[in-house]
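For reference, run.cif (mmCIF, C-alpha atoms (C1' of nucleotides)):
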data_work
#
loop_
_atom_site.label_atom_id
_atom_site.label_comp_id
_atom_site.auth_asym_id
_atom_site.auth_seq_id
_atom_site.Cartn_x
_atom_site.Cartn_y
_atom_site.Cartn_z
CA MET M 633 -123.49 123.74 -197.54
CA THR M 634 -124.38 120.08 -197.73
CA THR M 635 -125.44 117.62 -195.11
CA SER M 636 -124.26 117.34 -191.53
CA ALA M 637 -121.24 118.75 -189.75
CA ALA M 638 -121.91 122.44 -190.05
CA ALA M 639 -119.12 124.64 -188.73
CA PRO M 640 -116.29 122.98 -186.84
CA THR M 641 -116.87 123.93 -183.26
CA ARG M 642 -114.00 124.86 -180.99
CA ARG M 643 -114.21 121.49 -179.24
CA ASP M 644 -113.68 119.78 -182.57
CA GLN M 645 -110.73 121.99 -183.41
CA ILE M 646 -109.14 121.13 -180.09
CA LEU M 647 -109.70 117.42 -180.56
CA LYS M 648 -108.23 117.47 -184.03
CA GLU M 649 -105.10 119.35 -183.03
CA ALA M 650 -104.68 117.30 -179.88
CA ALA M 651 -104.85 114.12 -181.94
CA ARG M 652 -102.19 115.42 -184.29
CA LEU M 653 -99.87 116.48 -181.49
CA PHE M 654 -100.39 113.33 -179.41
CA ALA M 655 -99.64 111.20 -182.46
CA GLU M 656 -96.53 113.23 -183.25
CA ARG M 657 -94.92 113.45 -179.86
CA GLY M 658 -96.82 111.17 -177.54
CA PHE M 659 -99.37 112.01 -174.88
CA HIS M 660 -96.80 112.87 -172.22
CA GLY M 661 -94.69 114.74 -174.75
CA VAL M 662 -97.29 117.41 -175.43
CA GLY M 663 -98.20 120.21 -173.04
CA VAL M 664 -101.58 121.84 -172.70
CA ASP M 665 -100.03 125.15 -173.72
CA GLU M 666 -99.06 123.63 -177.06
CA ILE M 667 -102.53 122.28 -177.66
CA GLY M 668 -103.98 125.64 -176.84
CA ALA M 669 -101.56 127.47 -179.09
CA ALA M 670 -102.50 125.13 -181.95
CA VAL M 671 -106.07 126.44 -181.84
CA GLY M 672 -105.19 130.03 -181.04
CA ILE M 673 -106.00 130.15 -177.34
CA SER M 674 -103.76 129.72 -174.36
CA GLY M 675 -103.28 126.63 -172.21
CA PRO M 676 -105.78 127.01 -169.38
CA GLY M 677 -108.43 128.18 -171.82
CA LEU M 678 -108.84 124.53 -172.81
CA TYR M 679 -110.45 123.82 -169.47
CA ARG M 680 -113.60 125.59 -170.61
CA HIS M 681 -114.09 122.73 -173.05
CA PHE M 682 -112.53 119.68 -171.40
CA ALA M 683 -112.12 118.52 -167.83
CA GLY M 684 -108.41 117.90 -168.44
CA LYS M 685 -105.81 116.53 -170.78
CA ASP M 686 -106.88 112.98 -170.01
CA ALA M 687 -110.43 113.79 -171.07
CA MET M 688 -109.25 114.77 -174.55
CA LEU M 689 -107.40 111.52 -175.04
CA ALA M 690 -110.33 109.56 -173.69
CA GLU M 691 -112.77 111.18 -176.07
CA LEU M 692 -110.44 110.56 -179.01
CA LEU M 693 -109.93 106.88 -178.23
CA VAL M 694 -113.51 106.10 -177.31
CA GLY M 695 -114.58 107.91 -180.45
CA ILE M 696 -112.39 106.02 -182.87
CA SER M 697 -113.08 102.66 -181.24
CA GLY M 698 -116.79 103.29 -181.33
CA ARG M 699 -116.81 104.40 -184.94
CA LEU M 700 -114.73 101.40 -186.01
CA TYR M 701 -117.08 98.98 -184.27
CA ALA M 702 -120.20 100.76 -185.50
CA GLY M 703 -118.89 100.66 -189.04
CA GLY M 704 -118.14 96.97 -188.67
CA ARG M 705 -121.66 96.18 -187.47
CA LYS M 706 -123.11 98.11 -190.38
CA HIS M 707 -121.11 95.95 -192.75
CA VAL M 708 -122.35 92.78 -191.06
CA GLU M 709 -125.89 93.86 -191.73
CA ALA M 710 -125.21 94.95 -195.27
CA ALA M 711 -123.42 91.74 -196.20
CA ALA M 712 -126.42 89.70 -195.06
CA GLY M 713 -124.82 86.33 -194.47
CA ASP M 714 -122.33 86.36 -197.34
CA PRO M 715 -118.99 85.94 -195.55
CA ALA M 716 -116.84 86.78 -198.56
CA ALA M 717 -118.73 90.01 -199.16
CA LEU M 718 -118.53 90.80 -195.46
CA LEU M 719 -114.77 90.41 -195.39
CA ASP M 720 -114.45 92.63 -198.45
CA ARG M 721 -116.46 95.30 -196.72
CA LEU M 722 -114.56 95.03 -193.44
CA ILE M 723 -111.25 95.38 -195.25
CA ASP M 724 -112.40 98.33 -197.31
CA GLY M 725 -113.88 100.02 -194.27
CA HIS M 726 -110.72 99.59 -192.26
CA ILE M 727 -108.59 100.90 -195.11
CA GLU M 728 -110.72 104.01 -195.21
CA PHE M 729 -110.12 104.59 -191.50
CA ALA M 730 -106.42 103.97 -191.85
CA LEU M 731 -106.04 106.43 -194.70
CA ASP M 732 -108.33 109.12 -193.32
CA ASP M 733 -107.55 109.07 -189.61
CA ARG M 734 -103.85 108.34 -189.42
CA ASP M 735 -103.43 110.19 -186.14
CA LEU M 736 -106.20 108.27 -184.44
CA ILE M 737 -104.93 104.96 -185.76
CA ILE M 738 -101.61 105.69 -184.13
CA LEU M 739 -103.10 106.76 -180.81
CA HIS M 740 -105.45 103.84 -180.82
CA ASP M 741 -102.79 101.27 -180.04
CA ARG M 742 -100.11 103.51 -178.59
CA GLU M 743 -101.64 105.56 -175.79
CA LEU M 744 -104.36 103.24 -174.57
CA ASP M 745 -102.64 102.71 -171.23
CA ARG M 746 -102.76 106.41 -170.36
CA LEU M 747 -106.53 106.23 -169.89
CA ARG M 748 -108.46 106.02 -166.65
CA ASP M 749 -109.51 102.47 -165.82
CA SER M 750 -113.12 102.91 -166.81
CA ASP M 751 -112.32 104.51 -170.15
CA ARG M 752 -109.67 101.93 -170.92
CA LYS M 753 -112.10 99.13 -170.20
CA LEU M 754 -114.64 100.67 -172.54
CA VAL M 755 -112.14 101.10 -175.38
CA ARG M 756 -110.82 97.57 -174.87
CA GLN M 757 -114.32 96.18 -175.04
CA LEU M 758 -115.09 98.03 -178.26
CA GLN M 759 -111.81 96.84 -179.75
CA ARG M 760 -112.55 93.26 -178.73
CA GLN M 761 -115.99 93.35 -180.26
CA TYR M 762 -114.59 94.78 -183.48
CA VAL M 763 -111.98 92.03 -183.64
CA GLU M 764 -114.73 89.49 -183.06
CA LEU M 765 -116.56 90.67 -186.16
CA TRP M 766 -113.45 89.97 -188.20
CA VAL M 767 -112.72 86.64 -186.54
CA ASP M 768 -116.23 85.41 -187.23
CA ALA M 769 -116.05 86.44 -190.87
CA VAL M 770 -112.66 84.80 -191.43
CA ARG M 771 -113.69 81.61 -189.66
CA GLN M 772 -116.67 81.24 -191.94
CA LEU M 773 -114.35 81.44 -194.91
CA HIS M 774 -111.75 79.14 -193.30
CA PRO M 775 -113.71 76.65 -191.20
CA GLN M 776 -110.75 74.34 -190.72
CA ALA M 777 -108.48 77.04 -189.30
CA LEU M 778 -107.90 77.04 -185.54
CA GLU M 779 -109.39 79.92 -183.61
CA PRO M 780 -106.14 81.24 -182.06
CA GLN M 781 -104.52 81.31 -185.47
CA VAL M 782 -107.44 83.22 -186.96
CA ARG M 783 -107.35 85.72 -184.12
CA THR M 784 -103.63 86.22 -184.57
CA ALA M 785 -104.02 86.58 -188.30
CA VAL M 786 -106.69 89.24 -187.85
CA HIS M 787 -104.41 91.22 -185.55
CA ALA M 788 -101.62 90.83 -188.07
CA VAL M 789 -103.80 92.20 -190.85
CA PHE M 790 -104.66 95.17 -188.64
CA GLY M 791 -100.94 95.76 -188.32
CA LEU M 792 -100.62 95.55 -192.07
CA LEU M 793 -103.46 97.97 -192.78
CA ASN M 794 -102.39 100.37 -190.03
CA SER M 795 -98.86 100.57 -191.39
CA THR M 796 -99.48 103.64 -193.54
CA PRO M 797 -98.71 106.12 -190.76
CA HIS M 798 -95.18 104.72 -190.55
CA LEU M 799 -94.35 105.70 -194.10
CA SER M 800 -91.99 108.62 -194.40
CA ARG M 801 -93.71 111.65 -195.78
CA ARG M 802 -90.85 112.54 -198.10
CA ALA M 803 -90.89 109.37 -200.14
CA THR M 804 -92.92 109.11 -203.30
CA LEU M 805 -96.01 107.19 -202.29
CA PRO M 806 -98.81 105.71 -204.32
CA GLY M 807 -101.84 107.97 -204.58
CA ARG M 808 -104.76 107.36 -202.34
CA ALA M 809 -106.66 105.14 -204.75
CA ALA M 810 -103.59 103.08 -205.60
CA MET M 811 -102.73 102.81 -201.93
CA ALA M 812 -106.20 101.55 -201.09
CA ALA M 813 -106.09 99.03 -203.92
CA LEU M 814 -102.67 97.79 -202.85
CA LEU M 815 -103.62 97.41 -199.21
CA ARG M 816 -106.76 95.56 -200.24
CA ARG M 817 -104.73 93.08 -202.29
CA LEU M 818 -102.17 92.60 -199.52
CA ALA M 819 -104.83 92.01 -196.88
CA HIS M 820 -106.65 89.49 -199.03
CA GLY M 821 -103.39 87.79 -199.87
CA ALA M 822 -102.45 87.47 -196.22
CA LEU M 823 -105.84 86.23 -195.08
CA ALA M 824 -105.99 83.69 -197.89
CA ALA M 825 -102.91 82.13 -196.28
CA VAL M 826 -104.35 81.49 -192.83
CA THR M 827 -104.88 77.89 -193.84
CA PRO M 828 -101.72 76.12 -195.00
CA TYR M 829 -103.12 75.47 -198.49
CA MET Y 699 -63.25 99.85 -172.65
CA THR Y 700 -64.21 97.10 -175.01
CA THR Y 701 -67.30 95.13 -175.85
CA SER Y 702 -68.90 93.20 -173.05
CA ALA Y 703 -70.16 89.77 -173.95
CA ALA Y 704 -70.03 87.04 -171.30
CA ALA Y 705 -72.06 87.49 -168.12
CA PRO Y 706 -75.00 89.90 -168.03
CA THR Y 707 -73.38 93.06 -166.78
CA ARG Y 708 -75.27 95.70 -164.86
CA ARG Y 709 -75.44 97.85 -167.98
CA ASP Y 710 -77.25 95.05 -169.76
CA GLN Y 711 -79.66 94.59 -166.88
CA ILE Y 712 -80.50 98.27 -166.98
CA LEU Y 713 -81.01 98.25 -170.74
CA LYS Y 714 -83.28 95.23 -170.56
CA GLU Y 715 -85.47 96.65 -167.81
CA ALA Y 716 -85.53 100.08 -169.40
CA ALA Y 717 -86.71 98.53 -172.65
CA ARG Y 718 -89.49 96.71 -170.85
CA LEU Y 719 -90.64 99.81 -168.98
CA PHE Y 720 -90.39 102.14 -171.98
CA ALA Y 721 -92.43 99.71 -174.04
CA GLU Y 722 -95.02 99.39 -171.29
CA ARG Y 723 -95.59 102.99 -170.36
CA GLY Y 724 -93.73 105.10 -172.88
CA PHE Y 725 -90.44 106.94 -172.59
CA HIS Y 726 -91.90 109.97 -170.84
CA GLY Y 727 -94.09 107.76 -168.67
CA VAL Y 728 -91.19 106.07 -166.87
CA GLY Y 729 -89.04 107.74 -164.25
CA VAL Y 730 -85.39 107.04 -163.62
CA ASP Y 731 -86.27 105.91 -160.10
CA GLU Y 732 -88.45 103.19 -161.56
CA ILE Y 733 -85.72 101.98 -163.85
CA GLY Y 734 -83.28 101.93 -160.99
CA ALA Y 735 -85.70 100.06 -158.74
CA ALA Y 736 -86.16 97.44 -161.46
CA VAL Y 737 -82.49 96.52 -161.22
CA GLY Y 738 -82.19 96.94 -157.45
CA ILE Y 739 -80.44 100.29 -157.26
CA SER Y 740 -81.86 103.72 -156.82
CA GLY Y 741 -82.48 106.37 -159.43
CA PRO Y 742 -79.32 108.44 -159.55
CA GLY Y 743 -77.19 105.31 -159.38
CA LEU Y 744 -78.01 104.84 -163.06
CA TYR Y 745 -75.81 107.80 -163.93
CA ARG Y 746 -72.72 105.69 -163.19
CA HIS Y 747 -73.64 103.65 -166.27
CA PHE Y 748 -75.39 106.04 -168.62
CA ALA Y 749 -75.13 109.73 -169.35
CA GLY Y 750 -78.87 110.10 -168.97
CA LYS Y 751 -82.28 108.66 -169.75
CA ASP Y 752 -81.92 109.67 -173.38
CA ALA Y 753 -78.71 107.70 -173.67
CA MET Y 754 -80.47 104.49 -172.66
CA LEU Y 755 -83.14 104.93 -175.31
CA ALA Y 756 -80.53 105.83 -177.89
CA GLU Y 757 -78.49 102.72 -177.19
CA LEU Y 758 -81.59 100.55 -177.39
CA LEU Y 759 -82.77 101.96 -180.69
CA VAL Y 760 -79.37 102.09 -182.36
CA GLY Y 761 -78.78 98.54 -181.16
CA ILE Y 762 -81.95 97.03 -182.56
CA SER Y 763 -81.67 98.93 -185.84
CA GLY Y 764 -78.09 97.84 -186.25
CA ARG Y 765 -78.79 94.21 -185.47
CA LEU Y 766 -81.73 94.13 -187.86
CA TYR Y 767 -79.67 95.59 -190.68
CA ALA Y 768 -76.65 93.40 -189.93
CA GLY Y 769 -78.84 90.31 -189.94
CA GLY Y 770 -80.35 91.39 -193.24
CA ARG Y 771 -76.95 91.82 -194.85
CA LYS Y 772 -75.91 88.39 -193.63
CA HIS Y 773 -78.95 86.92 -195.36
CA VAL Y 774 -78.11 88.70 -198.58
CA GLU Y 775 -74.70 87.06 -198.58
CA ALA Y 776 -76.04 83.65 -197.62
CA ALA Y 777 -78.74 83.69 -200.29
CA ALA Y 778 -76.13 84.34 -202.96
CA GLY Y 779 -78.28 85.79 -205.70
CA ASP Y 780 -81.34 83.63 -205.23
CA PRO Y 781 -84.09 86.21 -204.58
CA ALA Y 782 -86.71 83.70 -203.43
CA ALA Y 783 -84.31 82.20 -200.90
CA LEU Y 784 -83.32 85.70 -199.80
CA LEU Y 785 -86.90 86.73 -199.14
CA ASP Y 786 -87.48 83.53 -197.17
CA ARG Y 787 -84.50 84.32 -195.00
CA LEU Y 788 -85.45 87.96 -194.51
CA ILE Y 789 -88.93 86.98 -193.42
CA ASP Y 790 -87.71 84.29 -191.05
CA GLY Y 791 -85.10 86.60 -189.57
CA HIS Y 792 -87.61 89.36 -188.99
CA ILE Y 793 -90.04 86.93 -187.38
CA GLU Y 794 -87.32 85.87 -184.98
CA PHE Y 795 -86.74 89.49 -183.99
CA ALA Y 796 -90.44 90.15 -183.59
CA LEU Y 797 -90.96 87.14 -181.35
CA ASP Y 798 -87.79 87.50 -179.29
CA ASP Y 799 -87.53 91.27 -178.84
CA ARG Y 800 -91.10 92.44 -178.52
CA ASP Y 801 -90.15 95.42 -176.38
CA LEU Y 802 -87.58 96.68 -178.83
CA ILE Y 803 -89.92 96.20 -181.75
CA ILE Y 804 -92.40 98.47 -180.01
CA LEU Y 805 -89.85 101.13 -179.14
CA HIS Y 806 -88.37 100.98 -182.58
CA ASP Y 807 -91.26 102.77 -184.24
CA ARG Y 808 -92.81 104.46 -181.25
CA GLU Y 809 -90.14 106.48 -179.49
CA LEU Y 810 -87.85 107.34 -182.35
CA ASP Y 811 -88.68 111.03 -182.13
CA ARG Y 812 -87.42 111.30 -178.55
CA LEU Y 813 -83.83 110.88 -179.73
CA ARG Y 814 -81.23 113.56 -180.20
CA ASP Y 815 -80.88 114.62 -183.82
CA SER Y 816 -77.67 112.73 -184.48
CA ASP Y 817 -78.94 109.48 -182.98
CA ARG Y 818 -82.24 109.77 -184.79
CA LYS Y 819 -80.46 110.28 -188.08
CA LEU Y 820 -78.35 107.19 -187.49
CA VAL Y 821 -81.35 105.03 -186.61
CA ARG Y 822 -83.30 106.32 -189.59
CA GLN Y 823 -80.40 105.53 -191.89
CA LEU Y 824 -80.12 101.98 -190.58
CA GLN Y 825 -83.86 101.51 -190.95
CA ARG Y 826 -83.76 102.84 -194.50
CA GLN Y 827 -80.95 100.51 -195.47
CA TYR Y 828 -82.79 97.55 -193.98
CA VAL Y 829 -85.92 98.43 -195.91
CA GLU Y 830 -83.82 98.71 -199.05
CA LEU Y 831 -82.68 95.12 -198.66
CA TRP Y 832 -86.29 94.00 -198.64
CA VAL Y 833 -87.33 96.26 -201.50
CA ASP Y 834 -84.54 94.92 -203.69
CA ALA Y 835 -85.45 91.33 -202.93
CA VAL Y 836 -89.14 91.85 -203.62
CA ARG Y 837 -88.47 93.78 -206.83
CA GLN Y 838 -86.40 90.92 -208.18
CA LEU Y 839 -89.32 88.61 -207.61
CA HIS Y 840 -91.85 91.10 -208.97
CA PRO Y 841 -90.07 93.01 -211.72
CA GLN Y 842 -93.25 94.52 -213.09
CA ALA Y 843 -94.34 96.05 -209.77
CA LEU Y 844 -93.86 99.79 -209.31
CA GLU Y 845 -91.26 100.86 -206.83
CA PRO Y 846 -93.52 102.94 -204.55
CA GLN Y 847 -95.94 100.04 -204.30
CA VAL Y 848 -93.17 97.65 -203.38
CA ARG Y 849 -91.89 100.01 -200.74
CA THR Y 850 -95.36 100.42 -199.28
CA ALA Y 851 -95.90 96.68 -199.33
CA VAL Y 852 -92.66 96.08 -197.47
CA HIS Y 853 -93.68 98.54 -194.77
CA ALA Y 854 -97.06 96.86 -194.57
CA VAL Y 855 -95.44 93.46 -194.09
CA PHE Y 856 -93.33 94.93 -191.30
CA GLY Y 857 -96.56 96.05 -189.69
CA LEU Y 858 -97.93 92.56 -190.10
CA LEU Y 859 -94.90 90.85 -188.61
CA ASN Y 860 -94.56 93.38 -185.80
CA SER Y 861 -98.17 92.91 -184.74
CA THR Y 862 -97.44 90.24 -182.13
CA PRO Y 863 -96.79 92.74 -179.33
CA HIS Y 864 -100.35 93.99 -179.69
CA LEU Y 865 -101.88 90.63 -178.84
CA SER Y 866 -103.50 90.50 -175.43
CA ARG Y 867 -101.56 88.32 -173.07
CA ARG Y 868 -104.65 86.66 -171.63
CA ALA Y 869 -105.90 85.14 -174.86
CA THR Y 870 -104.89 81.65 -175.87
CA LEU Y 871 -102.21 82.16 -178.47
CA PRO Y 872 -100.49 79.76 -180.82
CA GLY Y 873 -97.19 78.45 -179.49
CA ARG Y 874 -94.00 79.99 -180.70
CA ALA Y 875 -93.42 77.53 -183.53
CA ALA Y 876 -97.02 77.74 -184.73
CA MET Y 877 -96.89 81.52 -184.48
CA ALA Y 878 -93.74 81.68 -186.57
CA ALA Y 879 -95.20 79.37 -189.18
CA LEU Y 880 -98.40 81.39 -189.35
CA LEU Y 881 -96.63 84.73 -189.68
CA ARG Y 882 -94.43 83.25 -192.39
CA ARG Y 883 -97.48 82.14 -194.38
CA LEU Y 884 -99.23 85.49 -193.92
CA ALA Y 885 -96.17 87.45 -195.02
CA HIS Y 886 -95.67 85.33 -198.09
CA GLY Y 887 -99.35 85.55 -198.91
CA ALA Y 888 -99.31 89.32 -198.67
CA LEU Y 889 -96.15 89.80 -200.70
CA ALA Y 890 -97.39 87.44 -203.38
CA ALA Y 891 -100.17 89.95 -203.94
CA VAL Y 892 -98.07 93.02 -204.68
CA THR Y 893 -98.72 92.46 -208.34
CA PRO Y 894 -102.41 92.37 -209.30
CA TYR Y 895 -102.24 88.80 -210.64
"C1'" DA D 1182 -130.23 148.56 -170.26
"C1'" DC D 1183 -128.76 144.85 -167.80
"C1'" DG D 1184 -127.51 140.82 -165.66
"C1'" DA D 1185 -126.03 136.08 -167.11
"C1'" DG D 1186 -123.45 132.84 -169.14
"C1'" DA D 1187 -119.97 131.51 -172.47
"C1'" DC D 1188 -115.22 132.07 -173.45
"C1'" DG D 1189 -110.73 133.96 -172.71
"C1'" DT D 1190 -106.83 135.92 -170.16
"C1'" DT D 1191 -102.66 135.99 -166.70
"C1'" DA D 1192 -100.66 134.55 -162.30
"C1'" DA D 1193 -99.65 131.22 -159.12
"C1'" DC D 1194 -99.48 126.67 -156.84
"C1'" DG D 1195 -98.09 122.04 -156.11
"C1'" DA D 1196 -96.35 117.86 -157.84
"C1'" DC D 1197 -93.16 115.50 -160.43
"C1'" DC D 1198 -88.83 114.59 -162.42
"C1'" DA D 1199 -84.15 114.45 -164.60
"C1'" DC D 1200 -80.04 115.46 -163.02
"C1'" DT D 1201 -76.09 117.05 -159.76
"C1'" DA D 1202 -73.53 117.30 -155.33
"C1'" DA D 1203 -71.48 115.37 -151.62
"C1'" DC D 1204 -70.38 111.49 -149.40
"C1'" DA D 1205 -69.38 106.28 -148.32
"C1'" DA D 1206 -67.85 101.50 -148.83
"C1'" DA D 1207 -65.51 97.54 -151.27
"C1'" DG D 1208 -61.66 95.84 -154.32
"C1'" DA D 1209 -57.87 96.24 -157.19
"C1'" DT D 1210 -53.17 98.22 -157.69
"C1'" DC D 1211 -48.86 99.79 -156.26
"C1'" DG L 631 -51.23 99.37 -145.97
"C1'" DA L 632 -52.26 103.68 -148.51
"C1'" DT L 633 -54.73 105.14 -152.41
"C1'" DC L 634 -57.53 105.13 -156.57
"C1'" DT L 635 -61.41 103.44 -158.97
"C1'" DT L 636 -65.81 101.66 -159.15
"C1'" DT L 637 -70.35 101.68 -157.72
"C1'" DG L 638 -73.54 102.91 -154.87
"C1'" DT L 639 -76.19 106.14 -151.42
"C1'" DT L 640 -79.20 110.38 -149.84
"C1'" DA L 641 -80.34 115.23 -150.20
"C1'" DG L 642 -81.16 119.01 -152.93
"C1'" DT L 643 -81.97 121.98 -157.22
"C1'" DG L 644 -83.98 123.88 -161.21
"C1'" DG L 645 -87.35 123.35 -164.54
"C1'" DT L 646 -91.57 121.67 -166.51
"C1'" DC L 647 -96.32 120.85 -166.43
"C1'" DG L 648 -101.29 120.08 -165.27
"C1'" DT L 649 -104.50 122.45 -162.92
"C1'" DT L 650 -106.95 126.11 -160.29
"C1'" DA L 651 -108.04 130.97 -159.04
"C1'" DA L 652 -109.31 135.39 -160.00
"C1'" DC L 653 -110.41 138.41 -163.19
"C1'" DG L 654 -112.06 140.62 -167.88
"C1'" DT L 655 -115.11 140.87 -172.19
"C1'" DC L 656 -118.57 139.94 -175.54
"C1'" DT L 657 -123.16 138.39 -176.73
"C1'" DC L 658 -127.73 137.67 -175.90
"C1'" DG L 659 -132.58 137.16 -173.95
"C1'" DT L 660 -135.81 139.67 -171.46
#

Output the file's structure as structure tokens, nothing else.
Amino acid sequence: MTTSAAAPTRRDQILKEAARLFAERGFHGVGVDEIGAAVGISGPGLYRHFAGKDAMLAELLVGISGRLYAGGRKHVEAAAGDPAALLDRLIDGHIEFALDDRDLIILHDRELDRLRDSDRKLVRQLQRQYVELWVDAVRQLHPQALEPQVRTAVHAVFGLLNSTPHLSRRATLPGRAAMAALLRRLAHGALAAVTPY
Amino acid sequence: MTTSAAAPTRRDQILKEAARLFAERGFHGVGVDEIGAAVGISGPGLYRHFAGKDAMLAELLVGISGRLYAGGRKHVEAAAGDPAALLDRLIDGHIEFALDDRDLIILHDRELDRLRDSDRKLVRQLQRQYVELWVDAVRQLHPQALEPQVRTAVHAVFGLLNSTPHLSRRATLPGRAAMAALLRRLAHGALAAVTPY
DNA sequence: ACGAGACGTTAACGACCACTAACAAAGATC
DNA sequence: GATCTTTGTTAGTGGTCGTTAACGTCTCGT
């Protein structure tokens, strides 16, 4: 056994399966009995671990938003004022998330409105702060670009990087390394075009 | 029974409002009573115009997929063998769809799995054919690029162009013309980077 | 040993919801 | 002017689903 994350606790199992099912069939399209069956217990047994179905979704979305933002802040520190290096790191970090946590990437922008007001506000705030990290980095590299355009471009690049879940599983896809390299090139190519020339 | 074209018929009203509501709160998150109320009639009154809730979603998704593919084919003819011109047209056409039919763009990749098998197969086929138009165009411009990479890149550009629905409505956004111009630049920038150099 | 708490189970309740039944009014058709 | 079609209404039905209640069992700490 290596570092952290000893045995996956039952809570973690539930969260993982819930994420998969929510991403597959939508929050309203999945019943608690299904989630329970996916971890080998029966529907109401879930309530020993979560206050309700909403609580599972909330924990998933707050979790992914928080980790994304935390990762972004780490990159800001590590890049230490070099905007080009910072952008490289942000892109690579986001690609890692997109390739590793496909289910959460889907839920992240699809089921946000199913949250209680307070949770939704928190997730939105984390998202906004994460976007702000990107916008600042891009604006340093493109000082003459207008702020609304930069913001739009950043959202567009998120759409680009988050596109991997939409790929059909049957098709022959590039391997993980090739996929990461391709997405990196595409993202850089797109962002290089925020300013007309 | 023929095609209806002139004045917005009640069917069209229903489809438009259903699209808006489905995009806002998800297929399972909207009740038939809500859809009815949005067009001024009450829930069960909808069944004079559609066989059921599923039928509305099916018609929306088949419709958008068909129009996208038909538009793509039109561009192939109009470009007449010039791959650069073809790609320009495909990008511009897709941007028009993304800006005009935000709701349908959302539904298009979000609620596909709620369809009956036969409808889902049809939509998937139309989507696949549309993608193929793009892949062919890009491969002509980048003959040395591997096919899986091109396919992935095309999907990624779709994600980029379809990102406009995710923009918060409160923020100051570029106007429609500026938005279209920006998306066009970003898409071209990304696709120019499918080949390493 | 022996409670105590953690972790499950099945049964039932209450709300919601897509859909159907039965009925009514306005216009077109003959 | 009688009737059929179109388009709507309200009331009800069957099923699904999230959640709670009541009840077992297994594992420990003391």

| message | Residue by residue, what does the PyMOL selection byres ((chain D) within 12 of (chain M)) grab here? Present the result as a ChimeraX atom specification. | response | /D:1187-1192

Keeping only C-alpha atoms (C1' of nucleotides), write those residues as a compact mmCIF listing (two decimals), in the frame of the given file.
# COMPACT_ATOMS: atom_id res chain seq x y z
C1' DA D 1187 -119.97 131.51 -172.47
C1' DC D 1188 -115.22 132.07 -173.45
C1' DG D 1189 -110.73 133.96 -172.71
C1' DT D 1190 -106.83 135.92 -170.16
C1' DT D 1191 -102.66 135.99 -166.70
C1' DA D 1192 -100.66 134.55 -162.30

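Picture a line from C1' of DA1203 in chain D to CA of Glu715 in chain Y; it runs 28.4 Å.
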
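Interface residues of chain M facing chain L, defined by any atom at most 9 Å away and using only C-alpha atoms (C1' of nucleotides), are M:Gly663, M:Val664, M:Pro676, M:Tyr679, M:Gly684, M:Lys685.
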
| remark: Shortest contact to chain M, candidates Y:Asp807, Y:Asp731, Y:Glu830, Y:Asp815, atoms counted only C-alpha atoms, goes to Y:Asp807

Taking only C-alpha atoms into account, produce a table as a Markdown table in which each residue of chain M with an atom at most 6 Å from an atom of chain Y appears once, together with its shortest atom pair and the distance in Å to one decimal, ordered by chain and rising number.
| residue | atom | partner | partner_atom | distance |
| --- | --- | --- | --- | --- |
| M:His660 | CA | Y:His726 | CA | 5.9 |
| M:Pro780 | CA | Y:Leu871 | CA | 5.4 |
| M:Ala788 | CA | Y:Leu858 | CA | 4.6 |
| M:Val789 | CA | Y:Leu858 | CA | 5.9 |
| M:Gly791 | CA | Y:Gly857 | CA | 4.6 |
| M:Leu792 | CA | Y:Leu858 | CA | 4.5 |
| M:Ser795 | CA | Y:Ala854 | CA | 5.2 |
| M:Leu805 | CA | Y:Pro846 | CA | 5.4 |
| M:Pro806 | CA | Y:Pro846 | CA | 6.0 |
| M:Arg817 | CA | Y:Ala891 | CA | 5.8 |
| M:Leu818 | CA | Y:Ala888 | CA | 4.4 |
| M:Gly821 | CA | Y:Ala888 | CA | 4.5 |
| M:Ala822 | CA | Y:Ala888 | CA | 4.4 |
| M:Ala825 | CA | Y:Leu884 | CA | 5.5 |

| said: My list of candidates is Y:Thr707, Y:Ser866, Y:Gln825, Y:Gln838. Which is closest to Leu766 in chain Y when distances are computed with all atoms listed in the file? | reply: Y:Gln825

| task | Go ahead and compute the interatomic distance for CA of Val671 in chain M and CA of Ala690 in chain M, in Å to one decimal. | result | 19.2 Å

| query | Cα-based RMSD, chain Y fitted onto chain M, all atoms paired in sequence order: value? | reply | 2.5 Å

For the structure provided, state which residues fall under the PyMOL selection byres ((chain Y and resi 783-792) around 7), and present them as a PDB file with C-alpha atoms, in the coordinates of the input.
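Contents of selection05.pdb, freshly written:
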ATOM      1  CA  GLY Y 770     -80.350  91.390-193.240  1.00  0.00           C
ATOM      2  CA  HIS Y 773     -78.950  86.920-195.360  1.00  0.00           C
ATOM      3  CA  VAL Y 774     -78.110  88.700-198.580  1.00  0.00           C
ATOM      4  CA  ALA Y 777     -78.740  83.690-200.290  1.00  0.00           C
ATOM      5  CA  ASP Y 780     -81.340  83.630-205.230  1.00  0.00           C
ATOM      6  CA  PRO Y 781     -84.090  86.210-204.580  1.00  0.00           C
ATOM      7  CA  ALA Y 782     -86.710  83.700-203.430  1.00  0.00           C
ATOM      8  CA  ILE Y 793     -90.040  86.930-187.380  1.00  0.00           C
ATOM      9  CA  GLU Y 794     -87.320  85.870-184.980  1.00  0.00           C
ATOM     10  CA  PHE Y 795     -86.740  89.490-183.990  1.00  0.00           C
ATOM     11  CA  ALA Y 796     -90.440  90.150-183.590  1.00  0.00           C
ATOM     12  CA  ALA Y 835     -85.450  91.330-202.930  1.00  0.00           C
ATOM     13  CA  ARG Y 882     -94.430  83.250-192.390  1.00  0.00           C
TER      14      ARG Y 882
END
